[in-house]
$ cat run18.txt   # compact mmCIF, C-alpha atoms
# COMPACT_ATOMS: atom_id res chain seq x y z
CA MET A 1 38.44 -0.43 14.53
CA ASN A 2 40.29 2.61 15.89
CA ASP A 3 42.63 5.11 14.26
CA SER A 4 45.87 6.43 15.80
CA HIS A 5 43.86 8.87 17.92
CA GLY A 6 41.66 6.13 19.38
CA ARG A 7 38.48 7.15 17.54
CA ASP A 8 35.87 4.62 16.48
CA VAL A 9 36.32 5.21 12.75
CA VAL A 10 33.92 2.55 11.51
CA GLY A 11 31.26 3.80 13.90
CA LEU A 12 31.80 7.33 12.68
CA ASP A 13 31.40 6.18 9.07
CA ALA A 14 28.08 4.53 9.95
CA ARG A 15 26.87 7.73 11.60
CA ALA A 16 27.93 9.74 8.54
CA ALA A 17 25.90 7.37 6.37
CA ALA A 18 22.91 7.69 8.69
CA LEU A 19 23.25 11.47 8.44
CA ALA A 20 23.19 11.26 4.63
CA ILE A 21 20.11 9.02 4.71
CA VAL A 22 18.17 11.38 6.98
CA GLU A 23 19.12 14.46 4.96
CA SER A 24 18.11 12.78 1.69
CA ALA A 25 14.84 11.44 3.13
CA LEU A 26 13.79 14.92 4.23
CA LYS A 27 14.54 16.47 0.83
CA SER A 28 12.27 14.32 -1.35
CA ARG A 29 9.75 11.48 -1.20
CA SER A 30 12.17 9.10 -2.92
CA GLY A 31 15.17 10.34 -0.97
CA LEU A 32 15.36 7.46 1.49
CA ASP A 33 15.54 4.75 -1.18
CA GLU A 34 18.04 6.79 -3.17
CA ALA A 35 20.34 7.22 -0.17
CA LEU A 36 20.23 3.49 0.55
CA SER A 37 21.38 2.72 -3.00
CA ARG A 38 24.48 4.93 -3.13
CA PRO A 39 27.59 5.90 -1.13
CA PRO A 40 28.32 6.49 1.66
CA PHE A 41 25.83 3.82 2.71
CA THR A 42 26.85 1.25 0.08
CA ARG A 43 30.53 1.54 1.07
CA LEU A 44 29.87 0.25 4.58
CA GLU A 45 30.40 -3.29 5.80
CA PRO A 46 27.15 -5.23 6.42
CA ARG A 47 27.22 -4.75 10.21
CA GLU A 48 27.76 -1.01 9.85
CA ARG A 49 25.06 -0.79 7.17
CA ALA A 50 22.62 -2.29 9.62
CA HIS A 51 23.62 0.23 12.29
CA ALA A 52 23.44 3.20 9.90
CA ARG A 53 20.01 2.19 8.65
CA ALA A 54 18.70 1.56 12.16
CA LEU A 55 19.96 4.96 13.35
CA ALA A 56 18.46 6.78 10.36
CA MET A 57 15.09 5.04 10.68
CA MET A 58 14.94 5.63 14.42
CA THR A 59 15.72 9.31 13.86
CA LEU A 60 12.92 9.61 11.31
CA ARG A 61 10.51 7.66 13.52
CA HIS A 62 11.07 10.06 16.43
CA LEU A 63 11.77 13.18 14.38
CA GLY A 64 8.86 15.16 15.82
CA GLU A 65 9.92 14.50 19.40
CA ILE A 66 13.58 15.15 18.61
CA ASP A 67 12.86 18.48 16.93
CA HIS A 68 10.70 19.57 19.84
CA ALA A 69 13.52 18.82 22.28
CA LEU A 70 16.08 20.59 20.09
CA GLN A 71 13.96 23.70 19.64
CA ALA A 72 13.94 24.14 23.42
CA LYS A 73 17.75 24.35 23.35
CA LEU A 74 18.15 26.55 20.24
CA SER A 75 17.65 30.31 20.23
CA LYS A 76 17.38 30.25 16.42
CA PRO A 77 17.38 27.48 13.81
CA PRO A 78 20.89 26.50 12.65
CA PRO A 79 21.66 25.55 9.02
CA GLU A 80 19.85 22.41 7.92
CA ALA A 81 23.06 20.36 7.78
CA VAL A 82 23.79 21.25 11.41
CA MET A 83 20.22 20.42 12.38
CA ALA A 84 20.63 16.99 10.80
CA ILE A 85 23.72 16.29 12.91
CA LEU A 86 21.87 17.38 16.03
CA ARG A 87 18.98 15.08 15.15
CA ILE A 88 21.29 12.09 14.73
CA GLY A 89 23.00 12.91 18.01
CA ALA A 90 19.74 13.33 19.90
CA CYS A 91 18.48 10.01 18.54
CA GLN A 92 21.58 8.27 19.84
CA LEU A 93 21.08 9.90 23.25
CA PHE A 94 17.39 9.14 23.61
CA TYR A 95 16.58 6.05 21.56
CA MET A 96 19.73 4.08 20.65
CA GLU A 97 21.12 3.58 24.17
CA ALA A 98 24.46 5.09 23.21
CA PRO A 99 26.63 6.41 26.07
CA ASP A 100 26.20 10.17 26.40
CA PHE A 101 29.87 10.87 25.70
CA ALA A 102 29.81 8.72 22.53
CA ALA A 103 26.70 10.38 21.15
CA VAL A 104 28.11 13.85 21.81
CA ASP A 105 31.69 13.20 20.69
CA THR A 106 30.78 11.47 17.42
CA SER A 107 28.32 14.24 16.60
CA VAL A 108 31.01 16.87 17.19
CA GLU A 109 33.36 14.85 14.95
CA LEU A 110 30.69 14.72 12.26
CA ALA A 111 30.35 18.50 12.43
CA SER A 112 34.14 18.84 12.24
CA ALA A 113 34.29 16.63 9.13
CA TYR A 114 32.39 19.03 6.84
CA LYS A 115 33.36 22.57 5.88
CA GLY A 116 29.82 23.90 6.16
CA THR A 117 29.20 22.53 9.65
CA ARG A 118 32.68 22.91 11.17
CA PRO A 119 32.01 26.41 12.58
CA PHE A 120 29.03 24.96 14.51
CA LYS A 121 30.81 22.13 16.33
CA GLY A 122 30.71 24.13 19.55
CA LEU A 123 26.96 24.55 19.19
CA VAL A 124 26.56 20.81 18.54
CA ASN A 125 28.57 20.03 21.65
CA ALA A 126 26.64 22.45 23.88
CA VAL A 127 23.18 21.49 22.67
CA LEU A 128 23.71 17.74 22.93
CA ARG A 129 25.29 18.02 26.36
CA GLY A 130 22.26 20.04 27.43
CA LEU A 131 19.94 17.32 26.11
CA ALA A 132 21.94 14.65 27.92
CA ARG A 133 21.54 16.52 31.20
CA ALA A 134 17.80 17.04 30.62
CA GLY A 135 17.24 13.35 29.89
CA LYS A 136 14.89 11.56 27.53
CA PRO A 137 11.60 13.42 27.02
CA GLU A 138 8.32 11.76 27.89
CA GLN A 139 6.57 10.42 24.81
CA ASP A 140 3.79 12.69 23.56
CA PRO A 141 1.90 11.30 20.53
CA SER A 142 0.94 14.81 19.44
CA ARG A 143 4.63 15.49 18.73
CA LEU A 144 5.28 12.36 16.67
CA ALA A 145 3.46 13.41 13.49
CA PRO A 146 3.74 16.60 11.44
CA ASP A 147 1.14 19.10 12.65
CA TRP A 148 -0.67 19.32 9.32
CA LEU A 149 -1.12 15.54 9.09
CA LEU A 150 -2.22 15.22 12.71
CA SER A 151 -4.82 17.95 12.10
CA ARG A 152 -6.12 16.04 9.07
CA TRP A 153 -6.38 12.81 11.05
CA LYS A 154 -8.25 14.57 13.86
CA ALA A 155 -10.75 15.96 11.34
CA ALA A 156 -11.19 12.60 9.62
CA PHE A 157 -11.17 10.15 12.52
CA GLY A 158 -11.57 12.17 15.72
CA VAL A 159 -9.02 13.39 18.25
CA ASP A 160 -8.67 10.14 20.20
CA ALA A 161 -8.15 8.02 17.06
CA ALA A 162 -5.70 10.55 15.62
CA LEU A 163 -3.54 10.41 18.75
CA LYS A 164 -3.67 6.61 18.72
CA ILE A 165 -2.51 6.66 15.10
CA ALA A 166 0.34 9.00 15.99
CA ALA A 167 1.41 6.82 18.93
CA VAL A 168 2.03 3.91 16.53
CA ILE A 169 4.72 5.97 14.75
CA ALA A 170 7.13 5.23 17.60
CA VAL A 171 6.46 1.47 17.57
CA GLU A 172 9.10 -0.79 15.99
CA PRO A 173 7.23 -2.89 13.41
CA SER A 174 7.10 -6.67 13.51
CA THR A 175 7.37 -8.76 10.34
CA ASP A 176 4.16 -10.15 8.84
CA LEU A 177 4.16 -13.23 6.61
CA THR A 178 1.72 -14.67 4.06
CA PHE A 179 1.97 -18.42 3.40
CA LYS A 180 1.49 -19.83 -0.09
CA ASP A 181 -0.30 -22.79 1.47
CA PRO A 182 -2.01 -21.76 4.73
CA ALA A 183 -1.77 -25.35 5.94
CA ALA A 184 2.04 -25.02 6.09
CA ALA A 185 1.92 -22.22 8.63
CA GLU A 186 1.32 -24.34 11.72
CA GLY A 187 4.36 -26.50 11.01
CA LEU A 188 6.72 -23.51 10.80
CA ALA A 189 5.13 -21.27 13.40
CA GLU A 190 7.45 -22.32 16.23
CA ALA A 191 10.64 -22.07 14.14
CA LEU A 192 9.59 -18.66 12.88
CA GLU A 193 8.45 -17.54 16.35
CA ALA A 194 5.22 -16.53 14.62
CA ARG A 195 1.67 -16.03 15.85
CA ALA A 196 -1.51 -16.02 13.79
CA ILE A 197 -3.40 -12.85 12.90
CA PRO A 198 -7.10 -13.09 11.95
CA GLY A 199 -7.46 -13.47 8.20
CA GLY A 200 -4.48 -15.69 7.55
CA SER A 201 -1.36 -13.59 8.14
CA TRP A 202 1.33 -14.54 10.66
CA ARG A 203 3.42 -12.10 12.70
CA THR A 204 6.93 -12.57 14.07
CA ASP A 205 9.50 -10.57 16.00
CA LYS A 206 12.26 -12.96 14.97
CA GLY A 207 15.62 -11.35 14.35
CA GLY A 208 18.47 -12.19 12.02
CA THR A 209 18.69 -12.32 8.24
CA LEU A 210 15.26 -12.88 6.74
CA THR A 211 16.57 -14.94 3.81
CA GLU A 212 17.95 -17.45 6.30
CA TRP A 213 14.63 -18.02 8.06
CA PRO A 214 13.02 -21.46 7.72
CA GLY A 215 10.88 -21.75 4.59
CA PHE A 216 12.29 -18.77 2.69
CA GLU A 217 14.44 -20.64 0.16
CA ASP A 218 11.73 -23.28 -0.21
CA GLY A 219 9.17 -20.64 -1.24
CA VAL A 220 6.80 -21.33 1.64
CA TRP A 221 6.01 -17.69 2.56
CA TRP A 222 6.65 -14.09 1.65
CA VAL A 223 6.75 -10.86 3.67
CA GLN A 224 3.53 -8.84 3.47
CA ASP A 225 1.96 -6.51 6.02
CA ALA A 226 -1.23 -7.92 7.52
CA SER A 227 -3.30 -4.98 6.22
CA ALA A 228 -1.81 -5.21 2.72
CA ALA A 229 -2.82 -8.88 2.51
CA ILE A 230 -6.54 -8.19 2.98
CA PRO A 231 -7.52 -6.51 -0.35
CA ALA A 232 -6.57 -9.51 -2.51
CA ARG A 233 -8.61 -11.80 -0.24
CA LEU A 234 -11.66 -9.58 -0.82
CA LEU A 235 -11.70 -10.64 -4.49
CA HIS A 236 -12.30 -14.30 -3.51
CA VAL A 237 -10.66 -15.57 -6.70
CA GLN A 238 -11.24 -19.20 -7.60
CA PRO A 239 -8.97 -21.62 -9.49
CA GLY A 240 -9.26 -21.00 -13.21
CA GLU A 241 -10.56 -17.44 -12.91
CA THR A 242 -8.66 -14.60 -14.50
CA ALA A 243 -7.24 -11.81 -12.36
CA ALA A 244 -5.32 -8.59 -13.04
CA ASP A 245 -3.14 -6.88 -10.45
CA LEU A 246 -2.66 -3.29 -11.60
CA CYS A 247 0.22 -1.25 -10.12
CA ALA A 248 1.47 -4.63 -8.90
CA ALA A 249 4.99 -4.10 -7.55
CA PRO A 250 6.39 -5.23 -5.16
CA GLY A 251 4.06 -8.15 -5.88
CA GLY A 252 2.60 -9.51 -2.65
CA LYS A 253 -0.94 -9.30 -3.99
CA THR A 254 0.12 -10.88 -7.29
CA LEU A 255 1.47 -13.83 -5.31
CA GLN A 256 -1.81 -14.11 -3.40
CA LEU A 257 -3.89 -14.20 -6.58
CA ALA A 258 -1.59 -16.72 -8.24
CA ALA A 259 -1.48 -18.90 -5.11
CA ALA A 260 -5.31 -18.95 -5.09
CA GLY A 261 -5.20 -20.53 -8.54
CA ALA A 262 -6.15 -17.55 -10.71
CA GLU A 263 -4.61 -16.97 -14.12
CA THR A 264 -2.90 -13.80 -13.03
CA VAL A 265 -1.54 -10.81 -14.93
CA ALA A 266 0.64 -8.26 -13.11
CA VAL A 267 1.08 -4.75 -14.53
CA ASP A 268 3.43 -2.08 -13.23
CA ARG A 269 5.01 0.91 -14.92
CA SER A 270 8.40 0.24 -13.30
CA ALA A 271 10.35 -2.46 -15.12
CA PRO A 272 13.00 -2.65 -12.35
CA ARG A 273 10.31 -3.16 -9.71
CA LEU A 274 8.70 -5.87 -11.85
CA VAL A 275 11.98 -7.77 -11.73
CA ARG A 276 11.39 -8.21 -8.01
CA VAL A 277 7.88 -9.51 -8.72
CA THR A 278 9.28 -12.03 -11.19
CA GLU A 279 11.96 -13.15 -8.73
CA ASN A 280 9.40 -13.67 -5.99
CA LEU A 281 7.13 -15.64 -8.33
CA ALA A 282 10.05 -17.91 -9.21
CA ARG A 283 11.01 -18.42 -5.55
CA MET A 284 7.42 -19.28 -4.66
CA GLY A 285 6.98 -21.64 -7.61
CA LEU A 286 4.09 -19.54 -8.95
CA THR A 287 3.38 -18.17 -12.41
CA ALA A 288 1.90 -14.91 -13.65
CA GLU A 289 2.21 -12.74 -16.73
CA THR A 290 4.10 -9.53 -16.08
CA HIS A 291 3.87 -6.34 -18.15
CA ALA A 292 5.90 -3.17 -17.68
CA ALA A 293 3.30 -0.54 -18.55
CA ASP A 294 1.35 2.36 -17.10
CA ALA A 295 -1.90 0.74 -15.95
CA ALA A 296 -3.86 3.71 -17.32
CA LEU A 297 -2.31 3.28 -20.79
CA TRP A 298 -1.89 -0.50 -20.99
CA GLU A 299 -3.17 -1.47 -24.43
CA ASP A 300 -4.20 -5.04 -23.66
CA LYS A 301 -7.95 -5.40 -24.33
CA ARG A 302 -8.61 -8.44 -22.16
CA LYS A 303 -11.24 -8.34 -19.44
CA PHE A 304 -10.89 -10.21 -16.14
CA ASP A 305 -13.09 -11.86 -13.54
CA ALA A 306 -11.24 -9.98 -10.81
CA VAL A 307 -9.26 -6.74 -10.96
CA LEU A 308 -7.18 -5.33 -8.12
CA LEU A 309 -6.04 -1.70 -8.25
CA ASP A 310 -3.55 -0.84 -5.51
CA ALA A 311 -3.15 2.73 -6.70
CA PRO A 312 -0.11 4.99 -6.20
CA CYS A 313 -0.79 7.18 -3.17
CA THR A 314 0.83 9.30 -0.48
CA ALA A 315 1.43 6.05 1.47
CA THR A 316 0.91 7.85 4.79
CA GLY A 317 -0.41 4.58 6.22
CA THR A 318 3.00 2.89 5.81
CA PHE A 319 4.86 5.09 8.31
CA ARG A 320 5.77 2.14 10.55
CA ARG A 321 8.33 0.90 8.03
CA HIS A 322 8.65 4.13 6.06
CA PRO A 323 8.59 7.00 8.58
CA ASP A 324 10.04 9.28 5.91
CA VAL A 325 6.62 9.44 4.19
CA LEU A 326 5.33 11.57 7.05
CA TRP A 327 7.96 14.22 6.48
CA GLY A 328 8.22 13.98 2.70
CA SER A 329 4.48 14.34 1.98
CA ARG A 330 2.84 17.69 1.21
CA PRO A 331 -0.85 18.71 1.08
CA ALA A 332 -0.58 19.28 -2.67
CA ASP A 333 0.45 15.62 -3.13
CA ILE A 334 -2.95 14.47 -1.88
CA VAL A 335 -4.89 16.51 -4.45
CA LYS A 336 -2.62 15.47 -7.31
CA LEU A 337 -2.69 11.78 -6.41
CA ALA A 338 -6.47 11.73 -5.86
CA GLN A 339 -6.92 12.94 -9.44
CA SER A 340 -4.57 10.25 -10.72
CA GLN A 341 -6.37 7.58 -8.69
CA ALA A 342 -9.72 8.54 -10.23
CA ARG A 343 -8.26 8.14 -13.73
CA LEU A 344 -6.77 4.76 -12.83
CA LEU A 345 -10.10 3.62 -11.41
CA ASP A 346 -11.81 4.55 -14.66
CA THR A 347 -9.37 2.52 -16.74
CA ALA A 348 -9.45 -0.38 -14.28
CA SER A 349 -13.23 -0.57 -14.60
CA MET A 350 -12.90 -1.20 -18.33
CA ARG A 351 -10.91 -4.35 -17.59
CA VAL A 352 -13.66 -5.99 -15.50
CA LYS A 353 -15.88 -8.61 -17.12
CA ASP A 354 -19.65 -8.41 -16.86
CA GLY A 355 -20.43 -9.89 -13.45
CA GLY A 356 -16.82 -9.40 -12.34
CA ARG A 357 -15.50 -7.52 -9.34
CA LEU A 358 -13.05 -4.72 -8.76
CA VAL A 359 -11.18 -3.93 -5.54
CA TYR A 360 -9.62 -0.49 -5.20
CA CYS A 361 -7.16 0.07 -2.34
CA VAL A 362 -4.53 2.52 -1.12
CA CYS A 363 -2.08 2.46 1.80
CA SER A 364 -3.02 6.05 2.63
CA LEU A 365 -4.78 7.51 5.65
CA GLU A 366 -6.09 10.46 3.64
CA PRO A 367 -9.86 10.35 2.92
CA GLU A 368 -9.52 11.99 -0.52
CA GLU A 369 -7.53 8.95 -1.65
CA GLY A 370 -9.97 6.46 -0.16
CA GLU A 371 -13.55 7.21 0.86
CA GLY A 372 -13.60 10.27 -1.40
CA GLN A 373 -13.21 8.13 -4.53
CA ILE A 374 -16.39 6.08 -4.10
CA ASP A 375 -19.25 8.42 -5.05
CA GLY A 376 -17.45 9.90 -8.05
CA PHE A 377 -16.66 6.45 -9.43
CA LEU A 378 -20.25 5.23 -9.08
CA ARG A 379 -21.56 8.38 -10.79
CA ARG A 380 -19.18 7.89 -13.70
CA HIS A 381 -19.88 4.15 -13.94
CA PRO A 382 -23.55 3.34 -13.36
CA ASP A 383 -22.90 -0.25 -14.49
CA PHE A 384 -21.05 -0.81 -11.20
CA ARG A 385 -22.44 -1.09 -7.70
CA LEU A 386 -20.82 -1.04 -4.29
CA ASP A 387 -20.30 -4.60 -2.98
CA PRO A 388 -20.12 -4.16 0.81
CA ILE A 389 -17.33 -5.84 2.75
CA ALA A 390 -18.57 -7.85 5.73
CA PRO A 391 -17.13 -7.34 9.23
CA GLY A 392 -14.09 -9.55 9.63
CA GLU A 393 -14.03 -10.51 5.95
CA GLY A 394 -10.53 -11.30 4.74
CA GLY A 395 -9.15 -10.38 8.14
CA ALA A 396 -10.65 -6.88 8.31
CA PRO A 397 -10.06 -5.82 11.94
CA ASP A 398 -12.83 -4.83 14.32
CA GLY A 399 -14.09 -1.32 13.67
CA SER A 400 -12.61 -1.08 10.17
CA ILE A 401 -15.82 -1.44 8.13
CA THR A 402 -17.43 1.89 7.27
CA ALA A 403 -21.17 2.61 7.14
CA ASN A 404 -21.33 1.96 3.37
CA GLY A 405 -19.30 -1.26 3.49
CA ALA A 406 -15.83 -0.02 2.60
CA MET A 407 -12.82 -0.89 4.76
CA ARG A 408 -10.74 1.76 6.54
CA ILE A 409 -7.96 0.20 8.63
CA LEU A 410 -6.31 2.49 11.16
CA PRO A 411 -2.77 1.58 12.33
CA PHE A 412 -3.82 0.79 15.91
CA GLN A 413 -6.64 -1.62 14.99
CA ILE A 414 -4.36 -4.68 14.96
CA GLU A 415 -2.44 -5.33 18.17
CA GLY A 416 1.18 -4.29 17.75
CA GLY A 417 0.33 -1.93 14.89
CA THR A 418 -0.39 -2.37 11.22
CA ASP A 419 -0.31 -0.34 8.02
CA GLY A 420 -3.15 2.12 7.51
CA PHE A 421 -5.19 0.94 4.54
CA PHE A 422 -8.37 1.66 2.63
CA ALA A 423 -10.22 -0.78 0.36
CA VAL A 424 -13.57 -0.83 -1.39
CA ARG A 425 -15.11 -3.53 -3.57
CA PHE A 426 -17.28 -2.89 -6.64
CA ALA A 427 -19.26 -5.41 -8.69
CA ARG A 428 -20.09 -4.99 -12.37
CA ALA A 429 -23.67 -5.73 -13.34
$ encode --input "run18.txt" --output "structure tokens"
Amino acid sequence: MNDSHGRDVVGLDARAAALAIVESALKSRSGLDEALSRPPFTRLEPRERAHARALAMMTLRHLGEIDHALQAKLSKPPPEAVMAILRIGACQLFYMEAPDFAAVDTSVELASAYKGTRPFKGLVNAVLRGLARAGKPEQDPSRLAPDWLLSRWKAAFGVDAALKIAAVIAVEPSTDLTFKDPAAAEGLAEALEARAIPGGSWRTDKGGTLTEWPGFEDGVWWVQDASAAIPARLLHVQPGETAADLCAAPGGKTLQLAAAGAETVAVDRSAPRLVRVTENLARMGLTAETHAADAALWEDKRKFDAVLLDAPCTATGTFRRHPDVLWGSRPADIVKLAQSQARLLDTASMRVKDGGRLVYCVCSLEPEEGEGQIDGFLRRHPDFRLDPIAPGEGGAPDGSITANGAMRILPFQIEGGTDGFFAVRFARA
């Protein structure tokens, strides 16, 4: 759709929405989700929404490389709004296969559209033309992650592993599926273009609208990252056992426990997010109690055979689908969340029956949120012992089991990438 001057107006609107998404994502940890739930993004047609979201996510995924390239062309940092336009433009040049003239011209038009950036449209034009002449930079994993996070990963996992983690940031994620009945997977594998992953997950690069894929409406499978599916398997729940999923939303682990035959209770402090859990349970033909409550304050006195605590965390392991977490996280978040996780572990322990088991997990790559929780918990709760996870158990990838039997999954340990995850299993005497 063109206006009287021949401009691609719809395309410009999509780029403006992508700009708003990137700016919001870099301002706060919840900024990405907020931007996707309000104008200008929600005013777009479906096709343009898809383009705006893809452009924003690609910009965030390559933000480190983009900023490095831009800094070489800038004598001093421009205002943040101008920098955001340059980032969107550079992403189009390098990673979205847009013609050079289109990437430059639409970026200049974006700068012209806002009072605060209008005086810098010449700068935008010059810088992006300079980038176009220089060409796409060679990928350097050390530039893909924020320096402070890369330094932490080097200290925790070694230089080689840290660079392998960073390299995954640039990889477009596939879609992983968990089947309610594992026996149904083989029959749908070809239609879903899916391949098996050790442990029971299936991975596909199929395109199109997910809700139109075979088996979705029939409640045959749900979307769940391969790493995220492992912790619930480590509980080995049996039909008729009782299980509690604390901090349950969006509900993939609740579905796993219910599908295994456990009498399942799902607790999450967000009532809106629990609605999604309830909807997924209904689609899958599964049942579970749901309670909107803070897991640390939930007043229910029941004890369970199996308790799963997927605690709130920095989520730095989820950067494949949520690259904004890399740029929205701060060192202080790790300390604050580690303290909260310890409190949640304490309350979770009180919900475990004698002889029951407790799995604690986080989708974080930060040791304070994972390995650092073990010794303190065992000191505070001498009635619990560490129950080591066996190599390969539940789909744990090679090299993910630590010396004391916990599980630390790094994003490169499953071919094609996976979420970074930590899990540990405790047993109550």
$ atom_distance --input "run18.txt" --atom1 "atom CA of A:Ala90" --atom2 "atom CA of A:Arg133"
11.9 Å
$ closest_residue --input "run18.txt" --among "A:Ser112, A:Ser349, A:Ser364, A:Gln341" --to "A:Phe319" --atoms "all atoms listed in the file"
A:Ser364
$ closest_residue --input "run18.txt" --among "A:Leu235, A:Cys247, A:Val168, A:Val267" --to "A:Pro388" --atoms "all atoms listed in the file"
A:Leu235
$ residues_around --input "run18.txt" --residues "A:Leu274" --least-positions-apart "4" --cutoff "12 Å" --atoms "all atoms listed in the file" --output "PyMOL selection string"
chain A and resi 245-252+254+265-270+278-281+288-293
$ write_last_selection --input "run18.txt" --atoms "C-alpha atoms" --output "mmCIF file, keeping the file's coordinate frame"
data_model
loop_
_atom_site.group_PDB
_atom_site.id
_atom_site.type_symbol
_atom_site.label_atom_id
_atom_site.label_comp_id
_atom_site.auth_asym_id
_atom_site.auth_seq_id
_atom_site.Cartn_x
_atom_site.Cartn_y
_atom_site.Cartn_z
ATOM 1 C CA ASP A 245 -3.140 -6.880 -10.450
ATOM 2 C CA LEU A 246 -2.660 -3.290 -11.600
ATOM 3 C CA CYS A 247 0.220 -1.250 -10.120
ATOM 4 C CA ALA A 248 1.470 -4.630 -8.900
ATOM 5 C CA ALA A 249 4.990 -4.100 -7.550
ATOM 6 C CA PRO A 250 6.390 -5.230 -5.160
ATOM 7 C CA GLY A 251 4.060 -8.150 -5.880
ATOM 8 C CA GLY A 252 2.600 -9.510 -2.650
ATOM 9 C CA THR A 254 0.120 -10.880 -7.290
ATOM 10 C CA VAL A 265 -1.540 -10.810 -14.930
ATOM 11 C CA ALA A 266 0.640 -8.260 -13.110
ATOM 12 C CA VAL A 267 1.080 -4.750 -14.530
ATOM 13 C CA ASP A 268 3.430 -2.080 -13.230
ATOM 14 C CA ARG A 269 5.010 0.910 -14.920
ATOM 15 C CA SER A 270 8.400 0.240 -13.300
ATOM 16 C CA THR A 278 9.280 -12.030 -11.190
ATOM 17 C CA GLU A 279 11.960 -13.150 -8.730
ATOM 18 C CA ASN A 280 9.400 -13.670 -5.990
ATOM 19 C CA LEU A 281 7.130 -15.640 -8.330
ATOM 20 C CA ALA A 288 1.900 -14.910 -13.650
ATOM 21 C CA GLU A 289 2.210 -12.740 -16.730
ATOM 22 C CA THR A 290 4.100 -9.530 -16.080
ATOM 23 C CA HIS A 291 3.870 -6.340 -18.150
ATOM 24 C CA ALA A 292 5.900 -3.170 -17.680
ATOM 25 C CA ALA A 293 3.300 -0.540 -18.550
#
$ closest_residue --input "run18.txt" --among "A:Asp324, A:Glu186, A:Glu263, A:Glu212" --to "A:Met57" --atoms "only C-alpha atoms"
A:Asp324
$ closest_residue --input "run18.txt" --among "A:Cys363, A:Ala20, A:Ile414, A:Val424" --to "A:Ile401" --atoms "only C-alpha atoms"
A:Val424
$ residues_near_point --input "run18.txt" --point "(23.8, 18.4, 6.9)" --cutoff "6 Å" --atoms "all atoms listed in the file" --output "PDB file with C-alpha atoms, in the frame of the given file"
ATOM      1  CA  GLU A  80      19.850  22.410   7.920  1.00  0.00           C
ATOM      2  CA  ALA A  81      23.060  20.360   7.780  1.00  0.00           C
ATOM      3  CA  VAL A  82      23.790  21.250  11.410  1.00  0.00           C
ATOM      4  CA  ALA A  84      20.630  16.990  10.800  1.00  0.00           C
TER       5      ALA A  84
END
$ closest_residue --input "run18.txt" --among "A:Lys206, A:His68, A:Lys73, A:Arg129" --to "A:Pro146" --atoms "all atoms listed in the file"
A:His68
$ closest_residue --input "run18.txt" --among "A:Gly187, A:Pro46, A:Pro331, A:Gly199" --to "A:Glu368" --atoms "only C-alpha atoms"
A:Pro331
